[in-house]
Every structure is written in C-alpha cells, then in structure tokens.
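Taking it in order: structure first as structure tokens, then the write-up.
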Amino acid sequence: MWDWIVNVLFQILALIQQFAVDWGLSIIILVVIIRLLLTPLMIKSSKSTARMQVLTPKIQEIQERYADDPQRQSQEMQKFYAENKFSPFGGCLPLLIQMPILCALFTLLQHLGDYFDGETFSFYGILPNLQTSVAATLPQGFGVAAPYVVALLLFAVLTLVPQAQTMKTTAIIMSFFMLFIGWSLPAGVLLYYDVSSAWQVVQQIFVTQKVIDKAKAEEEERMANAPIEVNVV
C-alpha cells in the first residue's frame with residue numbers, strides 16, 4: 001500500500017548514504033529532513049489545538065443549550081464553526097499526513113537488507129548491526145546487548161514524554177507496552193524513533209508550547225472583542 005512512498009524514501013536514504021557513509025548517521029539525517037518538512041504542519045496543528053481549548057467552553061454551552069434538539073444543536077455548531085473560521089478536525093490533518101510516511105519508514109528500516117543488498121548496517125560501532133534486535137542480541141551476553149537495550153529504553157521513554165504531564169497513568173502503561181513492541185524491532189527502527197521522539201520533545205519545549213500560548217492568547221483576545229450575541233425568543 002505504501003510502496004511508492006517506500007521507494008521515494010529509499011531513494012532519499014540511498015542519496016544520503018553516499019556522503020554520510022555511516023548508516024546510523026544516514027537514518028538520523030533522514031529523521032531531521034522529515035521533521036523539518038513536517039514542522040509547518042505541526043505548528044498548524046498546535047495552533048488548532050490551542051484554539052480548540054479556548055472555544056471548548058462555548059461549544060459545551062451550545063451542546064447543553066440544545067441537548068434536547070440534536071438537529072438544532074448541529075446547526076448551531078456548524079454556524080459557530082463558520083463564524084469562528086474553525087475546523088474541529090484541523091489538528092488531526094497533520095497526523096493523518098504523517099501516518100503513511102511513518103508506515104513507509106517502518107517498512108524501509110525493518111527491511112534495509114532487502115533494499116540495500118550486501119551492505120553492513122551499523123551506527124559507528126555503537127550499534128554494530130541495525131538489522132538485529134534486543135531479543136536477538138541478549139543471548140550473546142549483556143555486553144553485546146547493552147547498546148540495544150539502551151535504544152529500547154529510549155524508545156519506551158521518549159515516545160511518551162510529551163503525554164506524561166497530562167496522562168501520567170496512561171504514559172506509564174504505554175511505556176511498558178512500548179518495551180514489549182520494541183523488544184523484537186530492528187535497531188534501525190529504534191534509532192529512527194529515538195531521534196524522532198527526542199526532536200519532538202525538544203520542539204515541544206522550545207517551539208510548540210510557545211506557539212500554543214501565543215495562539216491561545218490571540219484567540220482569547222478575539223473572543224473577548226467579538227460582538228455579543230443576544231438570543232431573543
């Protein structure tokens with residue numbers, strides 16, 4: 001299903017490898033390129049999320065006011081969205097766009113040997129074999145498996161850090177679930193997700209939160225200065 005996206009990513013990774021030499025570094029550069037391309041979408045999604053937080057009380061008010069009249073409720077909701085030039089699905093679009101890319105990347109990284117026949121995939125000796133997993137290296141001794149275990153732990157922790165503040169219990173449960181998933185994943189996949197998740201954490205601290213705060217302030221100011229609507233019965 002994602003064959004054409006996989007082929008595009010394959011061509012990009014092959015091009016990067018020509019000057020990066022190391023496969024681990026090539027994967028990291030690929031992460032940076034994809035993250036930079038997706039940054040405008042993430043900023044747009046953050047702004048949509050901020051606006052949704054400001055508009056939620058008004059939306060709930062409309063839902064409560066017309067709770068006994070679903071048709072009128074739907075009409076008023078559509079009117080409210082149109083007046084505020086807001087789409088409740090605006091924050092979902094970037095995620096939907098990312099999903100095919102992530103699925104294609106997973107396929108490419110999981111089957112590197114099929115796309116680059118005869119290559120030795122390593123990350124500067126830190127991860128000697130990007131095609132193997134924690135499950136495969138652990139029987140060889142902890143010394144061999146140690147870097148893969150670290151990559152697995154980062155995979156579990158970093159992917160949940162953005163949600164940890166608001167959903168602590170869920171984040172803990174999901175961390176164990178991620179450990180289970182990552183146990184048999186190739187180290188190349190873990191490396192990609194580790195770097196990508198670290199990028200997301202840094203982006204959230206230094207960029208996303210500022211974007212959200214600014215968008216919320218602007219939306220609150222706009223709502224405060226909006227004309228007061230009076231319903232006359």
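As shown in the structure tokens, the chain order sets the letters A, B, ...; within each chain, residues go from 1, and ligands are also counted from 1 in the order they appear.
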
Which residues of region 115-214 of chain A come within 6 Å of region 9-27 of chain A, and what is each one's closest atom pair and distance in Å (one decimal), counting only C-alpha atoms, sorted by chain and residue number, as a tab-separated table?
```
residue	atom	partner	partner_atom	distance
A:Phe121	CA	A:Trp23	CA	5.8
A:Ser122	CA	A:Trp23	CA	5.9
A:Phe123	CA	A:Gly24	CA	4.2
```

All residues 8 Å or closer to region 174-188 of chain A, only C-alpha atoms, same chain fewer than 6 positions away omitted, as number ranges by chain
A: 24, 27, 109-110, 127, 129-136, 148, 151-153, 155-157, 160

As a compact mmCIF listing (two decimals) with C-alpha atoms, in the first residue's frame, list the residues of region 12-196 of chain A assigned to alpha helix (DSSP H) by DSSP on the backbone atoms of this structure.
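The result, written out as result_32.txt:
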```
# COMPACT_ATOMS: atom_id res chain seq x y z
CA ILE A 12 16.44 9.66 -0.38
CA LEU A 13 18.21 7.32 2.05
CA ALA A 14 20.47 5.98 -0.73
CA LEU A 15 21.39 9.56 -1.67
CA ILE A 16 22.15 10.49 1.95
CA GLN A 17 24.29 7.37 2.39
CA GLN A 18 26.55 8.43 -0.47
CA PHE A 19 28.01 11.28 1.58
CA ALA A 20 27.12 10.22 5.17
CA TRP A 23 24.04 4.05 8.03
CA GLY A 24 23.09 5.20 11.50
CA LEU A 25 24.02 8.77 10.60
CA SER A 26 22.03 8.43 7.37
CA ILE A 27 18.95 7.45 9.35
CA ILE A 28 19.45 10.43 11.70
CA ILE A 29 19.78 12.83 8.73
CA LEU A 30 16.62 11.31 7.26
CA VAL A 31 14.82 11.99 10.55
CA VAL A 32 15.97 15.63 10.52
CA ILE A 33 14.80 16.13 6.92
CA ILE A 34 11.37 14.63 7.58
CA ARG A 35 10.93 16.54 10.85
CA LEU A 36 11.85 19.84 9.17
CA LEU A 37 9.35 19.19 6.38
CA LEU A 38 6.63 18.37 8.92
CA THR A 39 7.34 21.35 11.21
CA PRO A 40 4.86 23.71 9.46
CA LEU A 41 2.14 21.07 9.82
CA MET A 42 2.95 20.57 13.49
CA ILE A 43 2.79 24.32 14.13
CA LYS A 44 -0.56 24.49 12.37
CA SER A 45 -1.81 21.55 14.44
CA SER A 46 -0.62 23.23 17.65
CA LYS A 47 -2.47 26.43 16.77
CA SER A 48 -5.62 24.42 16.05
CA THR A 49 -5.28 22.64 19.40
CA ALA A 50 -4.89 25.99 21.20
CA ARG A 51 -7.97 27.45 19.51
CA MET A 52 -9.94 24.33 20.40
CA GLN A 53 -9.04 24.77 24.07
CA VAL A 54 -10.34 28.35 24.02
CA LEU A 55 -13.52 27.51 22.10
CA THR A 56 -14.40 24.38 24.10
CA PRO A 57 -16.44 26.20 26.82
CA LYS A 58 -18.60 27.86 24.13
CA ILE A 59 -19.02 24.54 22.31
CA GLN A 60 -20.11 22.86 25.55
CA GLU A 61 -22.56 25.69 26.17
CA ILE A 62 -24.19 25.15 22.77
CA GLN A 63 -24.34 21.39 23.37
CA GLU A 64 -26.04 21.88 26.73
CA ARG A 65 -28.45 24.55 25.47
CA PRO A 70 -29.98 17.38 18.12
CA GLN A 71 -30.85 18.94 14.76
CA ARG A 72 -30.76 22.50 16.12
CA GLN A 73 -27.60 21.65 18.03
CA SER A 74 -25.90 20.52 14.82
CA GLN A 75 -26.99 23.69 13.03
CA GLU A 76 -25.71 25.92 15.81
CA MET A 77 -22.41 24.06 15.95
CA GLN A 78 -21.90 24.45 12.20
CA LYS A 79 -22.81 28.13 12.49
CA PHE A 80 -20.35 28.57 15.37
CA TYR A 81 -17.52 26.88 13.44
CA ALA A 82 -18.25 29.01 10.36
CA GLU A 83 -18.35 32.27 12.35
CA LEU A 93 -4.76 16.58 9.47
CA PRO A 94 -1.00 16.65 10.20
CA LEU A 95 -1.27 13.28 11.96
CA LEU A 96 -3.15 11.78 9.01
CA ILE A 97 -0.47 13.06 6.64
CA GLN A 98 2.32 11.64 8.81
CA MET A 99 0.86 8.14 9.09
CA PRO A 100 1.69 6.98 5.52
CA ILE A 101 5.24 8.36 5.93
CA LEU A 102 5.73 6.58 9.26
CA CYS A 103 4.36 3.29 7.89
CA ALA A 104 6.63 3.52 4.84
CA LEU A 105 9.65 4.34 7.00
CA PHE A 106 8.91 1.41 9.25
CA THR A 107 8.82 -0.91 6.23
CA LEU A 108 12.04 0.54 4.81
CA LEU A 109 14.02 0.42 8.07
CA GLN A 110 12.74 -3.03 9.02
CA LEU A 112 17.05 -2.50 4.98
CA GLY A 113 18.81 -5.65 3.81
CA ASP A 114 16.20 -6.19 1.10
CA TYR A 115 16.62 -2.68 -0.28
CA VAL A 134 17.33 -6.72 21.64
CA ALA A 135 15.73 -10.17 21.61
CA ALA A 136 18.41 -11.44 19.20
CA THR A 137 21.42 -9.90 20.95
CA PHE A 142 24.65 -8.23 28.23
CA GLY A 143 27.83 -6.56 26.97
CA VAL A 144 26.73 -7.13 23.38
CA ALA A 145 23.09 -6.33 24.07
CA ALA A 146 23.69 -3.21 26.25
CA PRO A 147 23.53 -0.55 23.49
CA TYR A 148 20.42 -2.20 22.05
CA VAL A 149 18.80 -2.23 25.49
CA VAL A 150 19.55 1.49 25.87
CA ALA A 151 17.97 2.15 22.45
CA LEU A 152 14.91 0.16 23.56
CA LEU A 153 14.60 2.09 26.85
CA LEU A 154 14.83 5.39 25.00
CA PHE A 155 12.18 4.11 22.59
CA ALA A 156 9.85 3.49 25.54
CA VAL A 157 10.56 6.71 27.43
CA LEU A 158 10.95 9.38 24.74
CA VAL A 161 7.38 12.14 27.39
CA PRO A 162 5.06 14.59 25.56
CA GLN A 163 1.99 12.92 27.15
CA ALA A 164 3.49 12.27 30.58
CA LYS A 168 0.67 10.05 33.81
CA THR A 169 -1.04 6.70 34.42
CA THR A 170 -1.59 6.09 30.72
CA ALA A 171 2.01 7.07 29.97
CA ILE A 172 3.35 4.51 32.45
CA ILE A 173 1.20 1.74 31.00
CA MET A 174 2.14 2.71 27.46
CA SER A 175 5.85 2.73 28.37
CA PHE A 176 5.66 -0.97 29.25
CA PHE A 177 3.66 -1.58 26.08
CA MET A 178 6.37 0.16 24.02
CA LEU A 179 9.01 -2.04 25.65
CA PHE A 180 7.04 -5.08 24.55
CA ILE A 181 6.70 -3.74 21.00
CA GLY A 182 10.34 -2.70 20.71
CA ALA A 187 17.77 -1.41 15.94
CA GLY A 188 17.42 0.78 12.85
CA VAL A 189 13.74 1.29 13.65
CA LEU A 190 14.54 2.04 17.30
CA LEU A 191 17.22 4.54 16.26
CA TYR A 192 14.80 6.35 13.98
CA TYR A 193 12.09 6.60 16.64
CA ASP A 194 14.58 7.59 19.36
CA VAL A 195 15.91 10.52 17.33
CA SER A 196 12.46 11.49 16.07
```

Enter the distance from CA of Arg222 (chain A) to CA of Ser87 (chain A), in Å, rounded to one decimal.
16.7 Å

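You will find CA of Val8 (chain A) at 14.9 Å from CA of His111 (chain A).
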
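Here CA of Thr120 (chain A) stands at a distance of 21.5 Å from CA of Gly141 (chain A).
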